[in-house]
Amino acid sequence: MSDKIPVTVLTGYLGAGKTTLLNRILTEEHGRKFAVIVNEFGEIGIDNELVVGADEEIFEMNNGCICCTVRGDLIRIVEGLMKRKGKFDAIIVETTGLADPAPVAQTFFVDADVGASAKLDAVVTVADARWVLDRLKDAPEAKNQIAFADVILLNKTDLVTKEQLEEVEARIRGINPYAKLHRTQKCAVPLDAVLGREAFDLERILEIEPAFLDDEEGHAHDHDHAHAHGHHDDHGHDDHDQHHHGHEPKGNGGRAKAHSHGGLKHYHDEEMQSVSARIDGEVDPEKFMPWINELTQTKGIDILRSKGILAFKGEPKRFVFQGVHMILDGDLQRPWQEGEKRESKIVFIGRHLDEAAIRAGFLACRA
Amino acid sequence: MSAETTIPENFSLTEHVTSFAFGEHISGAAFLGDIVGFALGDGRVVLHDGEKSRELAAHEGAVQVFAHDGEALYTGGDDGRLLRIDVSGTIETIANEKGKWIDAVAISGAGAIAWSAGRSVKARDKQGGLREIAAPSSVRGLAFAPKGYRLAFAHKGGASLWFPNASSPPEVFDWKGSHLDVSFSPDGRFLVTSMQENALHGWRLADKKHMRMTGYPAKSRSLSWTHDGKWLATSGAEACILWPFADKDGPMGKAPRECGVRRARVTAVACHPKALVTAIGYDDGCVLMCRLTDSAELLVRRASAFTGAISALAWNRVGARLAFGTAGGAAGWLDLPPLP
């Protein structure tokens, strides 16, 4: 439904720059009106009558599913905001630095009233280039936020060296290779990099590929807008670009888990990782549906996000699903086109995932 | 309405409806004597006497919650203000919870008022004595007991009964889950809440015995007791669901009744103040009147694709008029004609 209000969730550890991004969104000339749900008043730099304070009231649904938590305050506020329908075009939810994005996201799938009036657009995570590696070690919340993200702003890039930046980015990619990543200073990104992403819209899940391939384009895009950085531009764009495109392997600092393919460094995070699997052909829905349900029911606490595009046996349309923990949303979407290869792909991002078991389970669903 | 008359087929009340278009969500409607008041999503309150209307710029932002006592309207806004608005259009500010929304408001028959903003619950008695208590979570439902200065508030994990003028802590009625609206049965024997899950929960006050009222396909957010207190009419299904409360055990072990079954979800219910008749509003904008004794139905307002769900529904004191409003900003009232 196109008249559902899109909701962007801003996460990021304390001090990463969420409020900077929020202020940027609110002050930019874009002609759009936002309702903003924040946790702390007073940090927003401009007057906006539609700024609402929230309390992050998380509760479990009474359905026996312990990871099925929702934000009660969000349900109340979205319901209230709908009385002002037509006065704003989108909702932005700023979470606290220690927040798990899952209850926010789940609210839009679990509460039917909220789901009927609003739709989750994307989870945008702001990460501090200088400190995020430390946080990934000592703050499980920070790792959750990276793993959960559809869009990651790797912010404050001016405070680290090029080598450090490469390292940080590789570390983030080791956790979440699928998010769109933008290197930023003062969260300077074009608004369409963070808004209107439709990351949870089944119709818009067109392909599932690690975002490494997108990075060149993504960064080039950033640089188009780099004039906003002002005096931070000392490094020079060319240097930055070349550094990135050159795929120059950098010293991996003795970290045993790093290795490189064609110049790009790859890391494997011990705790949080992504698992993808592909079947070069069709799957049997009679096998796949029970398997995916069983997997998400039993391992849903550890699976933060899931996505898949599947060719069901004899089905002319693509089956697309996405999930948050135990909650799955799937449907038949556009037809497989002539000449398009009928193949089936799934991806999970989660904690301590049993890669071999997931692969074997999926491969057993082959039609 | 009380006699068991046979209503002829095709009899409709739609020609007896006076209609308005406000273009804003109708947060509440109520009669103050011959005046009808509508509270709107842009903060306006409109008073209409059938010929001319008066618009009051009451709130900056939406009217979120609404109550009335027959003499005045009480509106709570997302501007944090709680207002009393009388027939003359005089606005009195009762509270200003700066930076918060007013999340619930309740009026007692004896001149007391209560409101909540986040976890804070406040009660003001007729003499103006103000008391505050912190609830375990945000409070979206408040109700005064039919007798005595006692307030129920719904919260995460149940509901609490509080004597604002006593020092004793509130009495807690537990039930796992998040509780939204709360209502006392008119005889004061039962307490009922609506829940985040598609269910109602009830307690018999005497022994805290539980009553689970489940089976709804959606949240049940509109509750109305019949004038005799024997039935609780509820929204949330593709019919008005009525739970029997006449016996000492309430609805325990009993099946509810349904009336006004349609292929649209009920979003508002309002029981007639004198007869066993319930007005039922649906998410397609339709309004029916349903007589409980024989389930006879009368059409008040046709479904409309453009005006949204019925969001407000209220009888006047004597039950001769019915006001309604929709989420899309349509409103009106029915002057009940003598029935054939």
# chains A, B, ... in the order shown; residues from 1 in each chain; ligands from 1

call {"tool": "closest_atom_pairs", "arguments": {"of": "chain B", "to": "chain A", "cutoff": "6 Å", "atoms": "only C-alpha atoms", "output": "JSON lines"}}
result
{"residue": "B:His25", "atom": "CA", "partner": "A:Lys83", "partner_atom": "CA", "distance": 5.3}
{"residue": "B:Gly41", "atom": "CA", "partner": "A:Lys83", "partner_atom": "CA", "distance": 4.9}
{"residue": "B:Gly177", "atom": "CA", "partner": "A:Asn62", "partner_atom": "CA", "distance": 5.8}

call {"tool": "residues_around", "arguments": {"residues": "Ala279 of chain B", "least_positions_apart": "4", "cutoff": "8 Å", "atoms": "only C-alpha atoms", "output": "number ranges by chain"}}
result
B: 269-272, 287-290, 313

call {"tool": "write_last_selection", "arguments": {"atoms": "N, CA, C and O atoms", "output": "compact mmCIF listing (two decimals), in the first residue's frame"}}
result
# COMPACT_ATOMS: atom_id res chain seq x y z
N VAL B 269 -18.20 1.20 19.19
CA VAL B 269 -19.52 0.77 19.65
C VAL B 269 -20.02 1.76 20.69
O VAL B 269 -19.23 2.36 21.43
N ALA B 270 -21.34 1.97 20.73
CA ALA B 270 -21.93 2.86 21.74
C ALA B 270 -23.33 2.33 22.06
O ALA B 270 -24.20 2.28 21.19
N CYS B 271 -23.53 1.92 23.31
CA CYS B 271 -24.83 1.39 23.70
C CYS B 271 -25.79 2.53 23.99
O CYS B 271 -25.42 3.56 24.57
N HIS B 272 -27.04 2.32 23.59
CA HIS B 272 -28.09 3.31 23.83
C HIS B 272 -28.29 3.48 25.33
O HIS B 272 -28.23 2.51 26.09
N VAL B 287 -22.36 2.84 9.64
CA VAL B 287 -22.89 2.84 11.01
C VAL B 287 -24.23 2.11 10.99
O VAL B 287 -25.10 2.41 10.16
N LEU B 288 -24.39 1.16 11.89
CA LEU B 288 -25.66 0.47 12.07
C LEU B 288 -26.14 0.67 13.49
O LEU B 288 -25.36 0.92 14.40
N MET B 289 -27.48 0.53 13.65
CA MET B 289 -28.04 0.37 14.98
C MET B 289 -28.57 -1.05 15.06
O MET B 289 -29.19 -1.55 14.13
N CYS B 290 -28.29 -1.71 16.17
CA CYS B 290 -28.69 -3.10 16.30
C CYS B 290 -29.45 -3.30 17.60
O CYS B 290 -29.00 -2.84 18.66
N LEU B 313 -18.25 7.76 18.26
CA LEU B 313 -19.66 7.36 18.23
C LEU B 313 -20.24 7.68 19.60
O LEU B 313 -19.69 7.25 20.60

call {"tool": "residues_around", "arguments": {"residues": "Gly328 of chain B", "least_positions_apart": "4", "cutoff": "10 Å", "atoms": "only C-alpha atoms", "output": "PDB file with N, CA and C atoms, in the first residue's frame"}}
result
ATOM      1  N   LYS A  83      -3.558  10.443  13.694  1.00  0.00           N
ATOM      2  CA  LYS A  83      -4.622  11.451  13.800  1.00  0.00           C
ATOM      3  C   LYS A  83      -4.220  12.728  13.082  1.00  0.00           C
ATOM      4  N   LYS A  85      -2.597  12.544  10.167  1.00  0.00           N
ATOM      5  CA  LYS A  85      -2.235  12.058   8.833  1.00  0.00           C
ATOM      6  C   LYS A  85      -2.369  13.175   7.807  1.00  0.00           C
TER       7      LYS A  85
ATOM      8  N   ALA B  21     -18.361  17.794   7.019  1.00  0.00           N
ATOM      9  CA  ALA B  21     -17.039  17.344   6.567  1.00  0.00           C
ATOM     10  C   ALA B  21     -15.996  18.266   7.189  1.00  0.00           C
ATOM     11  N   PHE B  22     -15.175  17.710   8.042  1.00  0.00           N
ATOM     12  CA  PHE B  22     -14.146  18.516   8.726  1.00  0.00           C
ATOM     13  C   PHE B  22     -12.761  18.314   8.134  1.00  0.00           C
ATOM     14  N   GLY B  23     -12.595  17.244   7.393  1.00  0.00           N
ATOM     15  CA  GLY B  23     -11.311  17.009   6.735  1.00  0.00           C
ATOM     16  C   GLY B  23     -10.177  16.629   7.670  1.00  0.00           C
ATOM     17  N   GLU B  24     -10.487  16.375   8.913  1.00  0.00           N
ATOM     18  CA  GLU B  24      -9.460  15.969   9.884  1.00  0.00           C
ATOM     19  C   GLU B  24     -10.000  14.798  10.692  1.00  0.00           C
ATOM     20  N   HIS B  25      -9.090  13.973  11.141  1.00  0.00           N
ATOM     21  CA  HIS B  25      -9.453  12.850  11.997  1.00  0.00           C
ATOM     22  C   HIS B  25     -10.387  13.314  13.124  1.00  0.00           C
ATOM     23  N   ILE B  26     -11.475  12.583  13.340  1.00  0.00           N
ATOM     24  CA  ILE B  26     -12.375  12.918  14.451  1.00  0.00           C
ATOM     25  C   ILE B  26     -11.939  12.082  15.660  1.00  0.00           C
ATOM     26  N   GLY B  41      -8.323  16.070  14.741  1.00  0.00           N
ATOM     27  CA  GLY B  41      -6.906  15.727  14.671  1.00  0.00           C
ATOM     28  C   GLY B  41      -5.978  16.911  14.445  1.00  0.00           C
ATOM     29  N   GLY B 285     -16.641   2.834   7.387  1.00  0.00           N
ATOM     30  CA  GLY B 285     -17.422   4.061   7.556  1.00  0.00           C
ATOM     31  C   GLY B 285     -18.908   3.832   7.763  1.00  0.00           C
ATOM     32  N   PHE B 306     -14.175   6.706   1.036  1.00  0.00           N
ATOM     33  CA  PHE B 306     -13.246   7.838   1.150  1.00  0.00           C
ATOM     34  C   PHE B 306     -13.114   8.428   2.549  1.00  0.00           C
ATOM     35  N   THR B 307     -14.015   8.101   3.430  1.00  0.00           N
ATOM     36  CA  THR B 307     -14.023   8.833   4.697  1.00  0.00           C
ATOM     37  C   THR B 307     -13.382   8.079   5.849  1.00  0.00           C
ATOM     38  N   GLY B 308     -12.997   6.826   5.633  1.00  0.00           N
ATOM     39  CA  GLY B 308     -12.258   6.125   6.667  1.00  0.00           C
ATOM     40  C   GLY B 308     -13.149   5.476   7.717  1.00  0.00           C
ATOM     41  N   ALA B 309     -12.479   4.869   8.691  1.00  0.00           N
ATOM     42  CA  ALA B 309     -13.169   4.113   9.734  1.00  0.00           C
ATOM     43  C   ALA B 309     -13.923   5.038  10.679  1.00  0.00           C
ATOM     44  N   ILE B 310     -14.981   4.517  11.268  1.00  0.00           N
ATOM     45  CA  ILE B 310     -15.680   5.268  12.319  1.00  0.00           C
ATOM     46  C   ILE B 310     -14.752   5.332  13.535  1.00  0.00           C
ATOM     47  N   SER B 311     -14.456   6.547  13.963  1.00  0.00           N
ATOM     48  CA  SER B 311     -13.515   6.747  15.065  1.00  0.00           C
ATOM     49  C   SER B 311     -14.172   7.351  16.293  1.00  0.00           C
TER      50      SER B 311
END

call {"tool": "residues_around", "arguments": {"residues": "Arg32 of chain A", "least_positions_apart": "3", "cutoff": "12 Å", "atoms": "only C-alpha atoms", "output": "list in words"}}
result
Ile25, Leu26, Thr27, Glu28, Glu29, Ala35, Gly86, Lys87, Phe88, Asp89, Ala90, Ile91, Leu191, Leu195 and Gly196 of chain A

call {"tool": "closest_residue", "arguments": {"among": "A:Pro6, A:His325, A:Thr298, A:Arg278", "to": "Ala364 of chain A", "atoms": "only C-alpha atoms"}}
result
A:Arg278

call {"tool": "residues_around", "arguments": {"residues": "Pro169 of chain B", "least_positions_apart": "6", "cutoff": "10 Å", "atoms": "only C-alpha atoms", "output": "count of residues only"}}
result
5

call {"tool": "select_by_dssp", "arguments": {"residues": "segment 4-174 of chain A", "states": "helix (DSSP H, G or I)", "output": "PyMOL selection string"}}
result
chain A and resi 18-27+72-84+101-110+112-117+132-138+140-148+157-159+162-174

call {"tool": "residues_around", "arguments": {"residues": "Leu32 of chain B", "least_positions_apart": "5", "cutoff": "9 Å", "atoms": "only C-alpha atoms", "output": "JSON, numbers by chain"}}
result
{"B": [37, 68, 69, 70, 71, 72, 73, 86, 87, 316, 317]}

call {"tool": "select_by_dssp", "arguments": {"residues": "segment 23-170 of chain B", "states": "strand (DSSP E)", "output": "PyMOL selection string"}}
result
chain B and resi 26-32+35-40+44-48+53-57+63-68+72-77+81-86+91-96+104-107+113-117+120-124+130-134+141-144+151-162

call {"tool": "residues_around", "arguments": {"residues": "segment 11-18 of chain B", "least_positions_apart": "3", "cutoff": "8 Å", "atoms": "only C-alpha atoms", "output": "PDB file with N, CA and C atoms, in the first residue's frame"}}
result
ATOM      1  N   ILE B   7     -39.503  -4.235  12.148  1.00  0.00           N
ATOM      2  CA  ILE B   7     -38.997  -3.136  11.327  1.00  0.00           C
ATOM      3  C   ILE B   7     -39.122  -3.546   9.865  1.00  0.00           C
ATOM      4  N   PRO B   8     -39.799  -2.742   9.076  1.00  0.00           N
ATOM      5  CA  PRO B   8     -39.977  -3.120   7.681  1.00  0.00           C
ATOM      6  C   PRO B   8     -38.650  -3.187   6.943  1.00  0.00           C
ATOM      7  N   LEU B 298     -30.655  -1.499  11.744  1.00  0.00           N
ATOM      8  CA  LEU B 298     -31.072  -0.319  10.989  1.00  0.00           C
ATOM      9  C   LEU B 298     -29.819   0.391  10.493  1.00  0.00           C
ATOM     10  N   LEU B 299     -29.883   0.830   9.242  1.00  0.00           N
ATOM     11  CA  LEU B 299     -28.732   1.521   8.661  1.00  0.00           C
ATOM     12  C   LEU B 299     -28.768   3.005   9.027  1.00  0.00           C
ATOM     13  N   VAL B 300     -27.684   3.494   9.575  1.00  0.00           N
ATOM     14  CA  VAL B 300     -27.568   4.916   9.918  1.00  0.00           C
ATOM     15  C   VAL B 300     -26.712   5.645   8.878  1.00  0.00           C
ATOM     16  N   ARG B 301     -25.598   5.022   8.510  1.00  0.00           N
ATOM     17  CA  ARG B 301     -24.705   5.636   7.536  1.00  0.00           C
ATOM     18  C   ARG B 301     -24.143   4.542   6.641  1.00  0.00           C
ATOM     19  N   ARG B 302     -24.182   4.805   5.347  1.00  0.00           N
ATOM     20  CA  ARG B 302     -23.644   3.829   4.402  1.00  0.00           C
ATOM     21  C   ARG B 302     -22.124   3.824   4.434  1.00  0.00           C
ATOM     22  N   GLY B 332     -21.252  13.529  11.590  1.00  0.00           N
ATOM     23  CA  GLY B 332     -22.671  13.799  11.456  1.00  0.00           C
ATOM     24  C   GLY B 332     -23.429  13.365  12.682  1.00  0.00           C
ATOM     25  N   TRP B 333     -24.707  13.650  12.671  1.00  0.00           N
ATOM     26  CA  TRP B 333     -25.532  13.067  13.719  1.00  0.00           C
ATOM     27  C   TRP B 333     -26.855  12.636  13.155  1.00  0.00           C
ATOM     28  N   LEU B 334     -27.414  11.662  13.851  1.00  0.00           N
ATOM     29  CA  LEU B 334     -28.713  11.112  13.513  1.00  0.00           C
ATOM     30  C   LEU B 334     -29.739  11.650  14.503  1.00  0.00           C
ATOM     31  N   ASP B 335     -30.849  12.205  13.965  1.00  0.00           N
ATOM     32  CA  ASP B 335     -32.010  12.501  14.810  1.00  0.00           C
ATOM     33  C   ASP B 335     -32.948  11.324  14.689  1.00  0.00           C
ATOM     34  N   LEU B 336     -33.072  10.585  15.752  1.00  0.00           N
ATOM     35  CA  LEU B 336     -33.828   9.346  15.675  1.00  0.00           C
ATOM     36  C   LEU B 336     -35.313   9.661  15.487  1.00  0.00           C
ATOM     37  N   PRO B 337     -35.917   9.231  14.386  1.00  0.00           N
ATOM     38  CA  PRO B 337     -37.335   9.498  14.175  1.00  0.00           C
ATOM     39  C   PRO B 337     -38.170   8.473  14.953  1.00  0.00           C
TER      40      PRO B 337
END

call {"tool": "closest_residue", "arguments": {"among": "A:Thr69, A:Glu166, A:Leu14, A:Gly361", "to": "Pro290 of chain A", "atoms": "only C-alpha atoms"}}
result
A:Gly361

call {"tool": "atom_distance", "arguments": {"atom1": "atom CA of Gly260 of chain B", "atom2": "atom CA of Leu276 of chain B"}}
result
13.7 Å

call {"tool": "atom_distance", "arguments": {"atom1": "atom CA of Asp34 of chain B", "atom2": "atom CA of Ser19 of chain B"}}
result
16.0 Å
